[in-house]
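A.B. asks: I'd like to ask some things about the structure below.
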Amino acid sequence: MEEVKPQLLKITFDGIEVEVEPGTTIMQAARKIAEADESQGHLVPPAMCYYKPLPVSGGKCRACLVKVSAGSAKDPRPMPKLVPSCITQVQDGMIVENTTNQAVLDTRKSIVEFLLINHPLDCPICDQAGECHLQDFAFEHGSVKTRYEEERRTFDKIDIGPYVQLHMTRCILCYRCVYTADQITDKRVHGVMNRGDASEISTYIEKAIDNDFSGNVIDVCPVGALTDKTFRFKNRVWFSKPEDAHRDCDKCCGKTTVWYRGDEVIRVTARKNTWGEVTDFICNTCRFEKKNTSDWVLEGPTKVKRSSVISANKYRKDLVAKPDFALKLAATQFKNIDDSRPYVTDEETIRHQSIENNDKANHRSLAANNN
Amino acid sequence: MARKILTEHINVPGIETFDVYRKQGGYTAVEKAIKTMTPEEVVEEAKKSGVRGRGGAGFPMGMKWGFLAKPEGVPRYLVCNADESEPGTFKDHHLMKSIPHLLIEGMIISSFALGANKSFIYVRGELMYVIRILEKAIAEAKAQGFLGKNILGSGYDLELVVQPGGGAYICGEETALLESLEGKRGNPRNKPPFPAVKGLYQSPTVVNNVESISNMPWIINNGGDAYAQIGIGRSTGTKLISASGHIQKPGVYEIELGVSVEEFLNSDEYCGGIRKGHHLKALVAGGSSVPILPANLIMKTANGEDRLMTYESLSDGGFATGTMLGSGGFIVFDETACIVRNTWNFSRFYHHESCGQCSPCREGTGWMEKVLHRIEHGHGSMHDIDLLVDISKKIEGNTICPLGDAAAWPVASAIRHFRDEFVWHITNPQEATAPGAVYMGDMALV
């Protein structure tokens, strides 16, 4: 029997045409573009609350707002407000502007500012540093200074059990952990209490989270609000080396990433895909109790993005792809220099050097997925 | 005397009881609608009347009813939004406590029109005594056969449930109200899907304000065309205005849409003018969420025409020189009022009431409140003014629900029209923070 294929919808995202199935969101369409052509990775809107494996997540952080300059082929009027790309479904003939629209970029910058005004910025002592989505988001879209002068909001520490450490002050209220507990575990015992900027993730009267899959809240947390107590203060993530591994587990799929320091397994996490999302959730036994190499069948080093700090100083230089995008960008910017001036600025000197020695240049902010 | 639709019998002694209400011609509209009309005809009358949502947005009610999806085998719901919490608005409270049967009659007609067999009245939790009045009135109507199974022998069933809210302003937003009604945390939903497609319990739902629904008995008795005759242009019918502030006679007034602001403010029939010996400084025409206007702009539009109490006239000139009718919370300030303090007060309210779901509103409202608090208490600096404008711009339009807009507009408009007063607060902190300090400035006093 022949399968009836659904009519594909054609949308234009930042000038790039892509065909997607009905029901796809703008975010998924953008990710499809980036998956087809890796050099377009920077076009994908950032997602702080949206998590594809968790249905109904998204729409809260407003980091992924985009401009829809034509709603559809039938009704080509622009949408009056910026729309969250993670939950807005595409229409045939839709034209979306993301990095090509200044209003979108300005709004994104302000969202970074809003998320950071009550964030403690304690990255130097935070276990999430190096794999933190908020760090990446702020690095790519934020500004260097803050205009916030008031005291930052803080919370009392709550103990939520033996495995998971809750730092509520770092939380950006993405609700991912709430949806994880709803959808992965059989009973949710934590949720959001209070409202406004006083809202906090908490369990009912400091009850402990006790569930075989509760550890997954650590992986879905975009910031360091939920961290692994067995890994706490042990190591910076960029000094550890991730290896893909698996074991036979009767509770979960058993596919994990095992993080080494030397020969020692210092933590176990679920595997994350290109978008930092876990698709195969793992159980607490795999995550917290199997800390010996003999527990695992190793598959080889985990593929880490070149732009990620985790890749620093780990792989042989001849195996690392050279960042030719940086060369291209530097070349285009170099043309703009006015040669008639009798002096050269520091920035121009650095740019010039970066063209000379492009493999030494530090261009990690320019594109997200140069592997 | 202006024509009264909602408050015609409101002063009749004992109107809160079924018998007195019935004697004044109550429940005849239910009889007419259920016995002689089809639901489609009732919707058609609502559309003809042009009555617009009285909760604040001003969306035509008949059109909203027309959007209701009607899939087979799925129940439909009507929810009455009586979670009136907007600062400066107290009309629904007055209507429900004084003449509860009017709302119940409207609910029966509207539910019949929409084909809903279970309807809800979501009342603000603080108004517990109003909930008791409504429940008593519902019991009376049920005893007389106007509610329950087989109403008036027509085969139409309707159950009416009064639900107290938990005391959050955000639950006046329709999707947050539905979440709260389902027993969840009152967080607004992402739209689409709109409630007309997936609302209460994922079924098609219409959410209407108390005042909108209370218009239905009159519309059925007199016809939608007669209703559309009242008012000006697309602002049809009458509107309850909650007048408060520095006026002679604060209270709830029913006006025909189209009365001029000047007449409403100064005539003895309505507010009776500013309190003696004082002058109008500023006015909020539609509840705390709408932009504040200085005296000269509220009386005349930027083109020099008289400003009328209609949806269109008040919003004439956009936000640069106009405002909105909103929910009809008419707050009057004379020259002794401090705009900075008032703006801080409003901002404090929105900070307290933000649900905390989306980041611009959660963080931005608190930030604005803190900056305004600093200016008001004499610790502001000049760049704070532009900072406030920038924050309000970044919140506006980027949030899930309109609370973000509602928090941003009062701040942005206060700075737009009263920037000199903010500057005075910053440059003269000692003078400005002294008790009873009044900024006279060079503004146009009417």
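Every chain in the structure tokens takes a letter, A first, then B, and so on in the order presented; its residues are numbered from 1, and the ligands are numbered from 1 following the presented order.
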I need the chain B residues near chain A as a PyMOL selection string; criterion: at most 6 Å, counting only C-alpha atoms.
C.D. replies: chain B and resi 354-359+362-363
A.B. asks: What lies within 9 Å of B:Arg185 using only C-alpha atoms, ignoring chain neighbours under 3 positions off, as a list of chain:residue names?
C.D. replies: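 Near neighbours after the sequence-gap exclusion: A:Val192, B:Ala176, B:Glu179, B:Ser180, B:Glu182.
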A.B. asks: Which is closest to B:Val411 among B:Pro13, B:Gly155, B:Gly125, B:Pro291, if we use only C-alpha atoms?
C.D. replies: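 Once distances to B:Val411 are computed over only C-alpha atoms, the minimum belongs to B:Pro291.
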A.B. asks: Looking only at strand (DSSP E) from DSSP on the backbone, list the matching residues of stretch 54-235 of chain A as a list in words.
C.D. replies: Leu65, Val66, Lys67, Val68, Ser69, Ala70, Val83, Pro84, Ile95, Val96, Glu97, Val164, Gln165, Leu166, His190, Gly191, Val192, Met193, Glu200, Ile201, Ser202, Thr203, Leu226, Thr227 and Asp228 of chain A
A.B. asks: Need the shell around stretch 201-208 of chain B: protein/DNA/RNA residues with any atom at most 6 Å away, counting only C-alpha atoms. Skip same-chain ones fewer than 5 positions apart. Format as an MDAnalysis selection string?
C.D. replies: chainID B and resid 69 76:81 195:196
A.B. asks: Using only C-alpha atoms, pick whichever of B:Ile99, B:Ile34, B:Val340, B:Ile230 has the shortest atom-to-atom distance to B:Leu257.
C.D. replies: B:Ile230
A.B. asks: As an MDAnalysis selection string, please: every residue in stretch 142-266 of chain B that DSSP puts in alpha helix (DSSP H).
C.D. replies: chainID B and resid 142:143 174:181 210:214 216:222 224:229 261:266
A.B. asks: Write the selection just made, keeping C-alpha atoms, as a PDB file, in the first residue's frame?
C.D. replies:
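Dumped to again01.pdb:
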ATOM      1  CA  LYS B 142     -33.801  27.199  39.885  1.00  0.00           C
ATOM      2  CA  ALA B 143     -36.833  26.910  42.146  1.00  0.00           C
ATOM      3  CA  GLU B 174      -9.299  34.672  30.079  1.00  0.00           C
ATOM      4  CA  THR B 175      -6.919  31.731  29.628  1.00  0.00           C
ATOM      5  CA  ALA B 176      -5.479  32.097  33.133  1.00  0.00           C
ATOM      6  CA  LEU B 177      -9.067  32.150  34.367  1.00  0.00           C
ATOM      7  CA  LEU B 178      -9.727  28.868  32.553  1.00  0.00           C
ATOM      8  CA  GLU B 179      -6.580  27.300  34.037  1.00  0.00           C
ATOM      9  CA  SER B 180      -7.667  28.435  37.485  1.00  0.00           C
ATOM     10  CA  LEU B 181     -11.182  27.119  36.883  1.00  0.00           C
ATOM     11  CA  VAL B 210     -20.306  40.441  33.635  1.00  0.00           C
ATOM     12  CA  GLU B 211     -21.418  43.701  32.067  1.00  0.00           C
ATOM     13  CA  SER B 212     -21.388  42.319  28.513  1.00  0.00           C
ATOM     14  CA  ILE B 213     -23.601  39.399  29.512  1.00  0.00           C
ATOM     15  CA  SER B 214     -25.913  41.630  31.550  1.00  0.00           C
ATOM     16  CA  MET B 216     -28.351  40.446  26.808  1.00  0.00           C
ATOM     17  CA  PRO B 217     -31.811  40.579  28.503  1.00  0.00           C
ATOM     18  CA  TRP B 218     -32.385  44.123  27.186  1.00  0.00           C
ATOM     19  CA  ILE B 219     -31.090  43.182  23.732  1.00  0.00           C
ATOM     20  CA  ILE B 220     -33.495  40.240  23.526  1.00  0.00           C
ATOM     21  CA  ASN B 221     -36.467  42.258  24.821  1.00  0.00           C
ATOM     22  CA  ASN B 222     -35.886  45.276  22.598  1.00  0.00           C
ATOM     23  CA  GLY B 224     -30.309  44.231  18.705  1.00  0.00           C
ATOM     24  CA  ASP B 225     -31.137  47.071  16.327  1.00  0.00           C
ATOM     25  CA  ALA B 226     -32.606  49.158  19.149  1.00  0.00           C
ATOM     26  CA  TYR B 227     -29.411  48.628  21.137  1.00  0.00           C
ATOM     27  CA  ALA B 228     -27.288  49.663  18.199  1.00  0.00           C
ATOM     28  CA  GLN B 229     -29.254  52.943  18.023  1.00  0.00           C
ATOM     29  CA  VAL B 261     -15.528  63.510  28.888  1.00  0.00           C
ATOM     30  CA  GLU B 262     -16.112  67.081  30.003  1.00  0.00           C
ATOM     31  CA  GLU B 263     -19.814  66.486  30.564  1.00  0.00           C
ATOM     32  CA  PHE B 264     -19.157  63.236  32.428  1.00  0.00           C
ATOM     33  CA  LEU B 265     -16.599  64.883  34.647  1.00  0.00           C
ATOM     34  CA  ASN B 266     -18.375  68.150  35.382  1.00  0.00           C
TER      35      ASN B 266
END
